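This is protein.pdb. It holds PDB, C-alpha atoms and all ligand atoms.
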```
MODEL        1
ATOM      1  CA  MET A   4    -105.928-165.532 -46.356  1.00  0.00           C
ATOM      2  CA  LEU A   5    -106.398-162.468 -44.206  1.00  0.00           C
ATOM      3  CA  SER A   6    -103.720-160.401 -42.467  1.00  0.00           C
ATOM      4  CA  GLU A   7    -103.466-160.578 -38.679  1.00  0.00           C
ATOM      5  CA  ARG A   8    -104.548-156.950 -38.540  1.00  0.00           C
ATOM      6  CA  LEU A   9    -107.725-157.642 -40.537  1.00  0.00           C
ATOM      7  CA  ILE A  10    -108.565-160.779 -38.531  1.00  0.00           C
ATOM      8  CA  GLU A  11    -108.194-158.765 -35.340  1.00  0.00           C
ATOM      9  CA  ALA A  12    -110.372-155.944 -36.673  1.00  0.00           C
ATOM     10  CA  LEU A  13    -113.060-158.393 -37.861  1.00  0.00           C
ATOM     11  CA  ASN A  14    -113.045-160.099 -34.455  1.00  0.00           C
ATOM     12  CA  GLU A  15    -113.514-156.749 -32.795  1.00  0.00           C
ATOM     13  CA  GLN A  16    -116.526-156.141 -35.037  1.00  0.00           C
ATOM     14  CA  ILE A  17    -117.986-159.564 -34.181  1.00  0.00           C
ATOM     15  CA  ASN A  18    -117.828-158.528 -30.524  1.00  0.00           C
ATOM     16  CA  TYR A  19    -119.412-155.169 -31.305  1.00  0.00           C
ATOM     17  CA  GLU A  20    -122.301-156.831 -33.176  1.00  0.00           C
ATOM     18  CA  PHE A  21    -122.968-159.018 -30.116  1.00  0.00           C
ATOM     19  CA  TYR A  22    -122.802-155.863 -28.000  1.00  0.00           C
ATOM     20  CA  SER A  23    -125.317-154.276 -30.420  1.00  0.00           C
ATOM     21  CA  SER A  24    -127.631-157.231 -29.925  1.00  0.00           C
ATOM     22  CA  TYR A  25    -127.313-156.894 -26.152  1.00  0.00           C
ATOM     23  CA  THR A  26    -127.892-153.132 -26.376  1.00  0.00           C
ATOM     24  CA  TYR A  27    -131.162-153.679 -28.240  1.00  0.00           C
ATOM     25  CA  LEU A  28    -132.238-156.454 -25.911  1.00  0.00           C
ATOM     26  CA  ALA A  29    -131.788-153.977 -23.026  1.00  0.00           C
ATOM     27  CA  MET A  30    -133.966-151.514 -24.952  1.00  0.00           C
ATOM     28  CA  ALA A  31    -136.577-154.267 -25.466  1.00  0.00           C
ATOM     29  CA  ALA A  32    -136.555-154.913 -21.714  1.00  0.00           C
ATOM     30  CA  PHE A  33    -137.028-151.204 -20.996  1.00  0.00           C
ATOM     31  CA  ALA A  34    -139.988-151.022 -23.423  1.00  0.00           C
ATOM     32  CA  GLN A  35    -141.444-154.151 -21.826  1.00  0.00           C
ATOM     33  CA  SER A  36    -141.156-152.565 -18.377  1.00  0.00           C
ATOM     34  CA  GLU A  37    -143.134-149.587 -19.734  1.00  0.00           C
ATOM     35  CA  ASP A  38    -145.843-151.956 -21.084  1.00  0.00           C
ATOM     36  CA  LEU A  39    -145.019-150.952 -24.638  1.00  0.00           C
ATOM     37  CA  ASP A  40    -145.110-154.434 -26.184  1.00  0.00           C
ATOM     38  CA  GLY A  41    -144.859-153.209 -29.777  1.00  0.00           C
ATOM     39  CA  PHE A  42    -141.664-151.260 -29.063  1.00  0.00           C
ATOM     40  CA  ALA A  43    -140.343-154.281 -27.164  1.00  0.00           C
ATOM     41  CA  ASN A  44    -141.048-156.426 -30.242  1.00  0.00           C
ATOM     42  CA  PHE A  45    -139.230-153.942 -32.483  1.00  0.00           C
ATOM     43  CA  PHE A  46    -136.097-154.202 -30.338  1.00  0.00           C
ATOM     44  CA  ARG A  47    -136.252-157.973 -29.990  1.00  0.00           C
ATOM     45  CA  VAL A  48    -136.263-158.214 -33.794  1.00  0.00           C
ATOM     46  CA  GLN A  49    -133.428-155.671 -33.912  1.00  0.00           C
ATOM     47  CA  ALA A  50    -131.447-157.779 -31.418  1.00  0.00           C
ATOM     48  CA  GLN A  51    -131.920-160.820 -33.679  1.00  0.00           C
ATOM     49  CA  GLU A  52    -130.672-158.868 -36.686  1.00  0.00           C
ATOM     50  CA  GLU A  53    -127.512-157.966 -34.814  1.00  0.00           C
ATOM     51  CA  LEU A  54    -126.873-161.635 -34.014  1.00  0.00           C
ATOM     52  CA  PHE A  55    -127.165-162.324 -37.727  1.00  0.00           C
ATOM     53  CA  HIS A  56    -124.567-159.592 -38.407  1.00  0.00           C
ATOM     54  CA  ALA A  57    -122.201-161.102 -35.838  1.00  0.00           C
ATOM     55  CA  MET A  58    -122.562-164.545 -37.405  1.00  0.00           C
ATOM     56  CA  LYS A  59    -122.076-163.186 -40.920  1.00  0.00           C
ATOM     57  CA  PHE A  60    -118.648-161.867 -39.868  1.00  0.00           C
ATOM     58  CA  TYR A  61    -117.971-165.067 -37.886  1.00  0.00           C
ATOM     59  CA  ASP A  62    -118.656-167.311 -40.904  1.00  0.00           C
ATOM     60  CA  TYR A  63    -116.588-165.053 -43.127  1.00  0.00           C
ATOM     61  CA  VAL A  64    -113.510-165.222 -40.871  1.00  0.00           C
ATOM     62  CA  TYR A  65    -113.599-169.054 -41.065  1.00  0.00           C
ATOM     63  CA  GLN A  66    -114.250-169.031 -44.814  1.00  0.00           C
ATOM     64  CA  LYS A  67    -111.016-167.064 -45.104  1.00  0.00           C
ATOM     65  CA  ASN A  68    -109.112-169.554 -42.931  1.00  0.00           C
ATOM     66  CA  GLY A  69    -108.951-167.215 -39.921  1.00  0.00           C
ATOM     67  CA  ASP A  70    -109.960-167.837 -36.330  1.00  0.00           C
ATOM     68  CA  VAL A  71    -112.702-166.271 -34.278  1.00  0.00           C
ATOM     69  CA  THR A  72    -111.745-165.129 -30.775  1.00  0.00           C
ATOM     70  CA  LEU A  73    -114.705-164.337 -28.560  1.00  0.00           C
ATOM     71  CA  GLU A  74    -114.248-161.698 -25.866  1.00  0.00           C
ATOM     72  CA  ALA A  75    -116.442-160.450 -23.014  1.00  0.00           C
ATOM     73  CA  ILE A  76    -119.427-158.373 -24.094  1.00  0.00           C
ATOM     74  CA  HIS A  77    -119.810-154.964 -22.429  1.00  0.00           C
ATOM     75  CA  LYS A  78    -122.773-154.339 -20.200  1.00  0.00           C
ATOM     76  CA  PRO A  79    -125.380-152.341 -22.159  1.00  0.00           C
ATOM     77  CA  GLN A  80    -127.129-149.181 -20.968  1.00  0.00           C
ATOM     78  CA  LEU A  81    -130.183-150.314 -18.975  1.00  0.00           C
ATOM     79  CA  LYS A  82    -131.913-147.109 -17.898  1.00  0.00           C
ATOM     80  CA  PHE A  83    -133.633-144.625 -20.192  1.00  0.00           C
ATOM     81  CA  GLU A  84    -135.844-141.592 -19.704  1.00  0.00           C
ATOM     82  CA  ASN A  85    -138.489-142.424 -22.288  1.00  0.00           C
ATOM     83  CA  MET A  86    -138.864-143.901 -25.796  1.00  0.00           C
ATOM     84  CA  ILE A  87    -137.383-140.824 -27.490  1.00  0.00           C
ATOM     85  CA  ASP A  88    -134.297-141.227 -25.329  1.00  0.00           C
ATOM     86  CA  VAL A  89    -134.144-144.931 -26.277  1.00  0.00           C
ATOM     87  CA  PHE A  90    -134.313-144.217 -30.009  1.00  0.00           C
ATOM     88  CA  GLU A  91    -131.824-141.362 -29.795  1.00  0.00           C
ATOM     89  CA  ARG A  92    -129.357-143.719 -28.078  1.00  0.00           C
ATOM     90  CA  GLY A  93    -130.144-146.349 -30.735  1.00  0.00           C
ATOM     91  CA  TYR A  94    -129.527-143.844 -33.530  1.00  0.00           C
ATOM     92  CA  GLU A  95    -126.192-142.814 -31.981  1.00  0.00           C
ATOM     93  CA  HIS A  96    -125.309-146.482 -31.643  1.00  0.00           C
ATOM     94  CA  GLU A  97    -125.973-147.126 -35.335  1.00  0.00           C
ATOM     95  CA  GLN A  98    -123.844-144.100 -36.289  1.00  0.00           C
ATOM     96  CA  GLU A  99    -121.001-145.559 -34.229  1.00  0.00           C
ATOM     97  CA  VAL A 100    -121.457-148.918 -35.994  1.00  0.00           C
ATOM     98  CA  THR A 101    -121.265-147.133 -39.367  1.00  0.00           C
ATOM     99  CA  ARG A 102    -118.043-145.430 -38.274  1.00  0.00           C
ATOM    100  CA  ARG A 103    -116.580-148.808 -37.313  1.00  0.00           C
ATOM    101  CA  ILE A 104    -117.643-150.451 -40.585  1.00  0.00           C
ATOM    102  CA  TYR A 105    -116.041-147.563 -42.538  1.00  0.00           C
ATOM    103  CA  ASN A 106    -112.862-148.031 -40.531  1.00  0.00           C
ATOM    104  CA  LEU A 107    -112.854-151.738 -41.426  1.00  0.00           C
ATOM    105  CA  ALA A 108    -113.436-150.844 -45.076  1.00  0.00           C
ATOM    106  CA  ASP A 109    -110.462-148.431 -44.924  1.00  0.00           C
ATOM    107  CA  ILE A 110    -108.211-151.247 -43.675  1.00  0.00           C
ATOM    108  CA  ALA A 111    -109.527-153.679 -46.321  1.00  0.00           C
ATOM    109  CA  ASN A 112    -108.976-151.043 -49.031  1.00  0.00           C
ATOM    110  CA  GLU A 113    -105.474-150.314 -47.796  1.00  0.00           C
ATOM    111  CA  GLU A 114    -104.658-154.021 -47.985  1.00  0.00           C
ATOM    112  CA  LYS A 115    -106.494-154.423 -51.331  1.00  0.00           C
ATOM    113  CA  GLU A 116    -108.394-157.330 -49.702  1.00  0.00           C
ATOM    114  CA  HIS A 117    -111.178-157.447 -52.265  1.00  0.00           C
ATOM    115  CA  SER A 118    -113.385-160.162 -50.782  1.00  0.00           C
ATOM    116  CA  THR A 119    -113.461-158.279 -47.465  1.00  0.00           C
ATOM    117  CA  ILE A 120    -114.248-155.083 -49.363  1.00  0.00           C
ATOM    118  CA  SER A 121    -117.147-156.941 -50.978  1.00  0.00           C
ATOM    119  CA  LEU A 122    -118.417-158.241 -47.601  1.00  0.00           C
ATOM    120  CA  LEU A 123    -118.209-154.752 -46.116  1.00  0.00           C
ATOM    121  CA  LYS A 124    -120.147-153.311 -49.037  1.00  0.00           C
ATOM    122  CA  TRP A 125    -123.120-155.371 -47.765  1.00  0.00           C
ATOM    123  CA  PHE A 126    -122.698-153.870 -44.282  1.00  0.00           C
ATOM    124  CA  ILE A 127    -122.260-150.320 -45.618  1.00  0.00           C
ATOM    125  CA  ASP A 128    -125.607-150.620 -47.444  1.00  0.00           C
ATOM    126  CA  GLU A 129    -127.224-152.210 -44.388  1.00  0.00           C
ATOM    127  CA  GLN A 130    -126.115-149.282 -42.213  1.00  0.00           C
ATOM    128  CA  VAL A 131    -127.948-146.791 -44.453  1.00  0.00           C
ATOM    129  CA  GLU A 132    -131.160-148.683 -43.671  1.00  0.00           C
ATOM    130  CA  GLU A 133    -130.334-149.037 -39.965  1.00  0.00           C
ATOM    131  CA  GLU A 134    -129.711-145.325 -39.452  1.00  0.00           C
ATOM    132  CA  ASP A 135    -132.787-144.415 -41.496  1.00  0.00           C
ATOM    133  CA  ASN A 136    -135.024-146.754 -39.438  1.00  0.00           C
ATOM    134  CA  PHE A 137    -134.019-145.106 -36.174  1.00  0.00           C
ATOM    135  CA  ASN A 138    -134.164-141.568 -37.505  1.00  0.00           C
ATOM    136  CA  LYS A 139    -137.670-142.086 -38.930  1.00  0.00           C
ATOM    137  CA  ILE A 140    -138.997-143.414 -35.627  1.00  0.00           C
ATOM    138  CA  ILE A 141    -137.400-140.506 -33.706  1.00  0.00           C
ATOM    139  CA  LYS A 142    -139.315-138.110 -35.985  1.00  0.00           C
ATOM    140  CA  LYS A 143    -142.588-139.980 -35.404  1.00  0.00           C
ATOM    141  CA  LEU A 144    -141.985-140.014 -31.633  1.00  0.00           C
ATOM    142  CA  ARG A 145    -141.296-136.281 -31.579  1.00  0.00           C
ATOM    143  CA  ARG A 146    -144.586-135.643 -33.388  1.00  0.00           C
ATOM    144  CA  ALA A 147    -146.385-137.932 -30.937  1.00  0.00           C
ATOM    145  CA  GLU A 148    -144.761-136.331 -27.893  1.00  0.00           C
ATOM    146  CA  SER A 149    -147.823-134.521 -26.551  1.00  0.00           C
ATOM    147  CA  ASN A 150    -150.257-137.171 -27.744  1.00  0.00           C
ATOM    148  CA  PRO A 151    -150.336-140.496 -25.832  1.00  0.00           C
ATOM    149  CA  ALA A 152    -152.793-142.018 -28.337  1.00  0.00           C
ATOM    150  CA  ALA A 153    -150.213-141.524 -31.106  1.00  0.00           C
ATOM    151  CA  LEU A 154    -147.601-143.337 -28.990  1.00  0.00           C
ATOM    152  CA  TYR A 155    -149.905-146.361 -28.728  1.00  0.00           C
ATOM    153  CA  MET A 156    -150.616-146.251 -32.466  1.00  0.00           C
ATOM    154  CA  LEU A 157    -146.871-146.371 -33.073  1.00  0.00           C
ATOM    155  CA  ASP A 158    -146.632-149.212 -30.548  1.00  0.00           C
ATOM    156  CA  ASP A 159    -149.238-151.147 -32.603  1.00  0.00           C
ATOM    157  CA  GLU A 160    -147.307-150.440 -35.796  1.00  0.00           C
ATOM    158  CA  LEU A 161    -144.027-151.711 -34.310  1.00  0.00           C
ATOM    159  CA  ALA A 162    -145.770-154.842 -33.008  1.00  0.00           C
ATOM    160  CA  GLN A 163    -146.007-155.929 -36.684  1.00  0.00           C
ATOM    161  CA  ARG A 164    -142.254-156.148 -37.236  1.00  0.00           C
ATOM    162  CA  VAL A 165    -141.163-159.739 -37.930  1.00  0.00           C
ATOM    163  CA  TYR A 166    -137.614-161.025 -38.121  1.00  0.00           C
ATOM    164  CA  VAL A 167    -136.715-162.330 -41.555  1.00  0.00           C
ATOM    165  CA  ALA A 168    -133.255-163.867 -41.864  1.00  0.00           C
ATOM    166  CA  PRO A 169    -131.517-162.756 -45.060  1.00  0.00           C
ATOM    167  CA  ALA A 170    -130.519-165.582 -47.417  1.00  0.00           C
ATOM    168  CA  THR A 171    -127.160-167.098 -46.502  1.00  0.00           C
ATOM    169  CA  GLY A 172    -124.383-168.412 -48.686  1.00  0.00           C
ATOM    170  CA  ALA A 173    -121.255-167.098 -50.363  1.00  0.00           C
ATOM    171  CA  SER A 174    -123.127-164.650 -52.591  1.00  0.00           C
ATOM    172  CA  ALA A 175    -125.899-163.859 -50.118  1.00  0.00           C
ATOM    173  CA  GLN A 176    -126.860-160.264 -49.648  1.00  0.00           C
TER
HETATM  174 FE    FE B 201    -125.200-154.673 -36.936  1.00  0.00          FE
HETATM  175 FE    FE B 202    -127.528-152.348 -36.408  1.00  0.00          FE
ENDMDL
END
```
Target encoding structure tokens, full file:
Amino acid sequence: MLSERLIEALNEQINYEFYSSYTYLAMAAFAQSEDLDGFANFFRVQAQEELFHAMKFYDYVYQKNGDVTLEAIHKPQLKFENMIDVFERGYEHEQEVTRRIYNLADIANEEKEHSTISLLKWFIDEQVEEEDNFNKIIKKLRRAESNPAALYMLDDELAQRVYVAPATGASAQ
């Protein structure tokens, strides 16, 4: 059984994960409009990952006998200057997600809600990877800045990304 406060906070995070998915879908659309299919693929996969995160919280709330309340999803940013701008916004977005996950973990710790602490441990580890992914690509893009051929090489590399759903279940990581 979860406290009202924790259920509310988890619901807010479900909404934010859907917003994350929408944010990355908007980035995919921008890349597509620039004919950068590999970058578009990267963000479509990223958008799918965020849906998985939303559903992981969603399933958890019901497993703990809570209720999910879906709210409106904010409109994502649609216009960007270039791919560096896109990835910088993405990196900032992931840092904001990390801040929100830490805040949730603080509440769960305060309430000594150990199963929620355990769930959030998964997300804390996931965020390390998420931030690192964006930061690494920003560095590559900066190096490629004056070299269009390098941008297309990176586009080819990102075309290879495939969505793999993590295993599900009570003990799934
Ligand atoms: Fe996420
Ligand atoms: Fe993310």
Spell out the residues picked by the PyMOL selection byres (((not hetatm)) within 10 of (chain B and resi 201)) here, as an mmCIF file with C-alpha atoms, keeping the file's coordinate frame.
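As written to disk, part_20.cif reads:
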```
data_model
loop_
_atom_site.group_PDB
_atom_site.id
_atom_site.type_symbol
_atom_site.label_atom_id
_atom_site.label_comp_id
_atom_site.auth_asym_id
_atom_site.auth_seq_id
_atom_site.Cartn_x
_atom_site.Cartn_y
_atom_site.Cartn_z
ATOM 1 C CA GLN A 16 -116.526 -156.141 -35.037
ATOM 2 C CA ILE A 17 -117.986 -159.564 -34.181
ATOM 3 C CA TYR A 19 -119.412 -155.169 -31.305
ATOM 4 C CA GLU A 20 -122.301 -156.831 -33.176
ATOM 5 C CA PHE A 21 -122.968 -159.018 -30.116
ATOM 6 C CA TYR A 22 -122.802 -155.863 -28.000
ATOM 7 C CA SER A 23 -125.317 -154.276 -30.420
ATOM 8 C CA SER A 24 -127.631 -157.231 -29.925
ATOM 9 C CA GLN A 49 -133.428 -155.671 -33.912
ATOM 10 C CA ALA A 50 -131.447 -157.779 -31.418
ATOM 11 C CA GLN A 51 -131.920 -160.820 -33.679
ATOM 12 C CA GLU A 52 -130.672 -158.868 -36.686
ATOM 13 C CA GLU A 53 -127.512 -157.966 -34.814
ATOM 14 C CA LEU A 54 -126.873 -161.635 -34.014
ATOM 15 C CA PHE A 55 -127.165 -162.324 -37.727
ATOM 16 C CA HIS A 56 -124.567 -159.592 -38.407
ATOM 17 C CA ALA A 57 -122.201 -161.102 -35.838
ATOM 18 C CA LYS A 59 -122.076 -163.186 -40.920
ATOM 19 C CA HIS A 96 -125.309 -146.482 -31.643
ATOM 20 C CA GLU A 97 -125.973 -147.126 -35.335
ATOM 21 C CA VAL A 100 -121.457 -148.918 -35.994
ATOM 22 C CA THR A 101 -121.265 -147.133 -39.367
ATOM 23 C CA ILE A 104 -117.643 -150.451 -40.585
ATOM 24 C CA PHE A 126 -122.698 -153.870 -44.282
ATOM 25 C CA GLU A 129 -127.224 -152.210 -44.388
ATOM 26 C CA GLN A 130 -126.115 -149.282 -42.213
ATOM 27 C CA GLU A 133 -130.334 -149.037 -39.965
#
```
For ligand FE 202 (chain B), which residue out of A:Lys82, A:His77, A:Lys67, A:Arg103 is the nearest one, using only C-alpha atoms and all ligand atoms?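 The closest residue to ligand FE 202 (chain B) is A:Arg103.
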TODO: Name the residues that the PyMOL selection byres (((chain A and resi 157-166) around 9) and not hetatm) pulls out of this structure, and write them as a count of residues only.
DONE: 23
Residues matched by the PyMOL selection byres (((chain A and resi 71) around 12) and not hetatm) as an MDAnalysis selection string:
chainID A and resid 7 9:18 57:70 72:74
Residues within 12 Å of Glu95 (chain A), only C-alpha atoms, excluding chain neighbours under 4 positions, as a list in words:
Ser23, Thr26, Asp88, Val89, Phe90, Glu91, Glu99, Val100, Thr101, Arg102, Glu133, Glu134, Asp135, Phe137, Asn138 and Ile141 of chain A
Take region 11-22 of chain A, bring it up to all heavy atoms, and give me the output as a PDB file, in the coordinates of the input.
```pdb
ATOM      1  N   GLU A  11    -107.967-159.413 -36.629  1.00  0.00           N
ATOM      2  CA  GLU A  11    -108.194-158.765 -35.340  1.00  0.00           C
ATOM      3  C   GLU A  11    -109.336-157.748 -35.435  1.00  0.00           C
ATOM      4  O   GLU A  11    -110.215-157.700 -34.574  1.00  0.00           O
ATOM      5  CB  GLU A  11    -106.906-158.057 -34.911  1.00  0.00           C
ATOM      6  CG  GLU A  11    -106.698-158.014 -33.417  1.00  0.00           C
ATOM      7  CD  GLU A  11    -105.323-157.443 -33.082  1.00  0.00           C
ATOM      8  OE1 GLU A  11    -104.331-158.191 -33.208  1.00  0.00           O
ATOM      9  OE2 GLU A  11    -105.270-156.255 -32.725  1.00  0.00           O
ATOM     10  N   ALA A  12    -109.331-156.969 -36.486  1.00  0.00           N
ATOM     11  CA  ALA A  12    -110.372-155.944 -36.673  1.00  0.00           C
ATOM     12  C   ALA A  12    -111.747-156.592 -36.889  1.00  0.00           C
ATOM     13  O   ALA A  12    -112.765-156.098 -36.380  1.00  0.00           O
ATOM     14  CB  ALA A  12    -110.005-155.039 -37.848  1.00  0.00           C
ATOM     15  N   LEU A  13    -111.783-157.697 -37.627  1.00  0.00           N
ATOM     16  CA  LEU A  13    -113.060-158.393 -37.861  1.00  0.00           C
ATOM     17  C   LEU A  13    -113.574-159.016 -36.567  1.00  0.00           C
ATOM     18  O   LEU A  13    -114.773-158.985 -36.290  1.00  0.00           O
ATOM     19  CB  LEU A  13    -112.905-159.463 -38.952  1.00  0.00           C
ATOM     20  CG  LEU A  13    -112.736-158.923 -40.379  1.00  0.00           C
ATOM     21  CD1 LEU A  13    -112.244-160.023 -41.315  1.00  0.00           C
ATOM     22  CD2 LEU A  13    -114.046-158.322 -40.910  1.00  0.00           C
ATOM     23  N   ASN A  14    -112.655-159.543 -35.762  1.00  0.00           N
ATOM     24  CA  ASN A  14    -113.045-160.099 -34.455  1.00  0.00           C
ATOM     25  C   ASN A  14    -113.617-159.018 -33.543  1.00  0.00           C
ATOM     26  O   ASN A  14    -114.584-159.261 -32.813  1.00  0.00           O
ATOM     27  CB  ASN A  14    -111.847-160.780 -33.791  1.00  0.00           C
ATOM     28  CG  ASN A  14    -111.785-162.259 -34.133  1.00  0.00           C
ATOM     29  OD1 ASN A  14    -112.652-163.025 -33.748  1.00  0.00           O
ATOM     30  ND2 ASN A  14    -110.778-162.663 -34.882  1.00  0.00           N
ATOM     31  N   GLU A  15    -113.006-157.860 -33.598  1.00  0.00           N
ATOM     32  CA  GLU A  15    -113.514-156.749 -32.795  1.00  0.00           C
ATOM     33  C   GLU A  15    -114.938-156.385 -33.229  1.00  0.00           C
ATOM     34  O   GLU A  15    -115.810-156.103 -32.403  1.00  0.00           O
ATOM     35  CB  GLU A  15    -112.586-155.539 -32.982  1.00  0.00           C
ATOM     36  CG  GLU A  15    -112.625-154.566 -31.829  1.00  0.00           C
ATOM     37  CD  GLU A  15    -111.670-153.415 -32.058  1.00  0.00           C
ATOM     38  OE1 GLU A  15    -110.467-153.673 -32.251  1.00  0.00           O
ATOM     39  OE2 GLU A  15    -112.145-152.266 -32.083  1.00  0.00           O
ATOM     40  N   GLN A  16    -115.184-156.460 -34.525  1.00  0.00           N
ATOM     41  CA  GLN A  16    -116.526-156.141 -35.037  1.00  0.00           C
ATOM     42  C   GLN A  16    -117.535-157.229 -34.651  1.00  0.00           C
ATOM     43  O   GLN A  16    -118.690-156.922 -34.358  1.00  0.00           O
ATOM     44  CB  GLN A  16    -116.488-155.938 -36.558  1.00  0.00           C
ATOM     45  CG  GLN A  16    -117.787-155.379 -37.137  1.00  0.00           C
ATOM     46  CD  GLN A  16    -118.193-154.052 -36.529  1.00  0.00           C
ATOM     47  OE1 GLN A  16    -117.331-153.276 -36.103  1.00  0.00           O
ATOM     48  NE2 GLN A  16    -119.482-153.762 -36.471  1.00  0.00           N
ATOM     49  N   ILE A  17    -117.098-158.478 -34.630  1.00  0.00           N
ATOM     50  CA  ILE A  17    -117.986-159.564 -34.181  1.00  0.00           C
ATOM     51  C   ILE A  17    -118.449-159.250 -32.756  1.00  0.00           C
ATOM     52  O   ILE A  17    -119.643-159.300 -32.444  1.00  0.00           O
ATOM     53  CB  ILE A  17    -117.271-160.942 -34.227  1.00  0.00           C
ATOM     54  CG1 ILE A  17    -117.051-161.374 -35.677  1.00  0.00           C
ATOM     55  CG2 ILE A  17    -118.077-162.003 -33.463  1.00  0.00           C
ATOM     56  CD1 ILE A  17    -116.151-162.596 -35.848  1.00  0.00           C
ATOM     57  N   ASN A  18    -117.490-158.869 -31.911  1.00  0.00           N
ATOM     58  CA  ASN A  18    -117.828-158.528 -30.524  1.00  0.00           C
ATOM     59  C   ASN A  18    -118.799-157.344 -30.471  1.00  0.00           C
ATOM     60  O   ASN A  18    -119.767-157.353 -29.701  1.00  0.00           O
ATOM     61  CB  ASN A  18    -116.546-158.218 -29.742  1.00  0.00           C
ATOM     62  CG  ASN A  18    -116.828-157.927 -28.283  1.00  0.00           C
ATOM     63  OD1 ASN A  18    -117.101-156.792 -27.920  1.00  0.00           O
ATOM     64  ND2 ASN A  18    -116.793-158.956 -27.455  1.00  0.00           N
ATOM     65  N   TYR A  19    -118.554-156.361 -31.327  1.00  0.00           N
ATOM     66  CA  TYR A  19    -119.412-155.169 -31.305  1.00  0.00           C
ATOM     67  C   TYR A  19    -120.830-155.482 -31.786  1.00  0.00           C
ATOM     68  O   TYR A  19    -121.800-154.894 -31.317  1.00  0.00           O
ATOM     69  CB  TYR A  19    -118.788-154.029 -32.127  1.00  0.00           C
ATOM     70  CG  TYR A  19    -119.248-152.677 -31.634  1.00  0.00           C
ATOM     71  CD1 TYR A  19    -118.720-152.131 -30.466  1.00  0.00           C
ATOM     72  CD2 TYR A  19    -120.248-151.967 -32.307  1.00  0.00           C
ATOM     73  CE1 TYR A  19    -119.169-150.900 -29.983  1.00  0.00           C
ATOM     74  CE2 TYR A  19    -120.686-150.748 -31.826  1.00  0.00           C
ATOM     75  CZ  TYR A  19    -120.152-150.219 -30.670  1.00  0.00           C
ATOM     76  OH  TYR A  19    -120.604-149.016 -30.191  1.00  0.00           O
ATOM     77  N   GLU A  20    -120.958-156.431 -32.715  1.00  0.00           N
ATOM     78  CA  GLU A  20    -122.301-156.831 -33.176  1.00  0.00           C
ATOM     79  C   GLU A  20    -123.055-157.556 -32.049  1.00  0.00           C
ATOM     80  O   GLU A  20    -124.254-157.359 -31.876  1.00  0.00           O
ATOM     81  CB  GLU A  20    -122.217-157.709 -34.426  1.00  0.00           C
ATOM     82  CG  GLU A  20    -121.602-157.030 -35.654  1.00  0.00           C
ATOM     83  CD  GLU A  20    -122.462-155.930 -36.280  1.00  0.00           C
ATOM     84  OE1 GLU A  20    -123.652-155.798 -35.917  1.00  0.00           O
ATOM     85  OE2 GLU A  20    -121.942-155.188 -37.129  1.00  0.00           O
ATOM     86  N   PHE A  21    -122.321-158.381 -31.272  1.00  0.00           N
ATOM     87  CA  PHE A  21    -122.968-159.018 -30.116  1.00  0.00           C
ATOM     88  C   PHE A  21    -123.360-157.958 -29.086  1.00  0.00           C
ATOM     89  O   PHE A  21    -124.434-158.029 -28.487  1.00  0.00           O
ATOM     90  CB  PHE A  21    -122.053-160.078 -29.477  1.00  0.00           C
ATOM     91  CG  PHE A  21    -122.061-161.383 -30.213  1.00  0.00           C
ATOM     92  CD1 PHE A  21    -120.913-161.863 -30.835  1.00  0.00           C
ATOM     93  CD2 PHE A  21    -123.217-162.150 -30.295  1.00  0.00           C
ATOM     94  CE1 PHE A  21    -120.926-163.071 -31.534  1.00  0.00           C
ATOM     95  CE2 PHE A  21    -123.246-163.360 -30.985  1.00  0.00           C
ATOM     96  CZ  PHE A  21    -122.087-163.820 -31.611  1.00  0.00           C
ATOM     97  N   TYR A  22    -122.481-156.971 -28.909  1.00  0.00           N
ATOM     98  CA  TYR A  22    -122.802-155.863 -28.000  1.00  0.00           C
ATOM     99  C   TYR A  22    -124.034-155.101 -28.512  1.00  0.00           C
ATOM    100  O   TYR A  22    -124.896-154.694 -27.722  1.00  0.00           O
ATOM    101  CB  TYR A  22    -121.590-154.931 -27.861  1.00  0.00           C
ATOM    102  CG  TYR A  22    -121.875-153.656 -27.126  1.00  0.00           C
ATOM    103  CD1 TYR A  22    -122.216-153.670 -25.768  1.00  0.00           C
ATOM    104  CD2 TYR A  22    -121.826-152.433 -27.793  1.00  0.00           C
ATOM    105  CE1 TYR A  22    -122.493-152.489 -25.100  1.00  0.00           C
ATOM    106  CE2 TYR A  22    -122.106-151.251 -27.122  1.00  0.00           C
ATOM    107  CZ  TYR A  22    -122.438-151.282 -25.783  1.00  0.00           C
ATOM    108  OH  TYR A  22    -122.728-150.118 -25.116  1.00  0.00           O
TER     109      TYR A  22
END
```
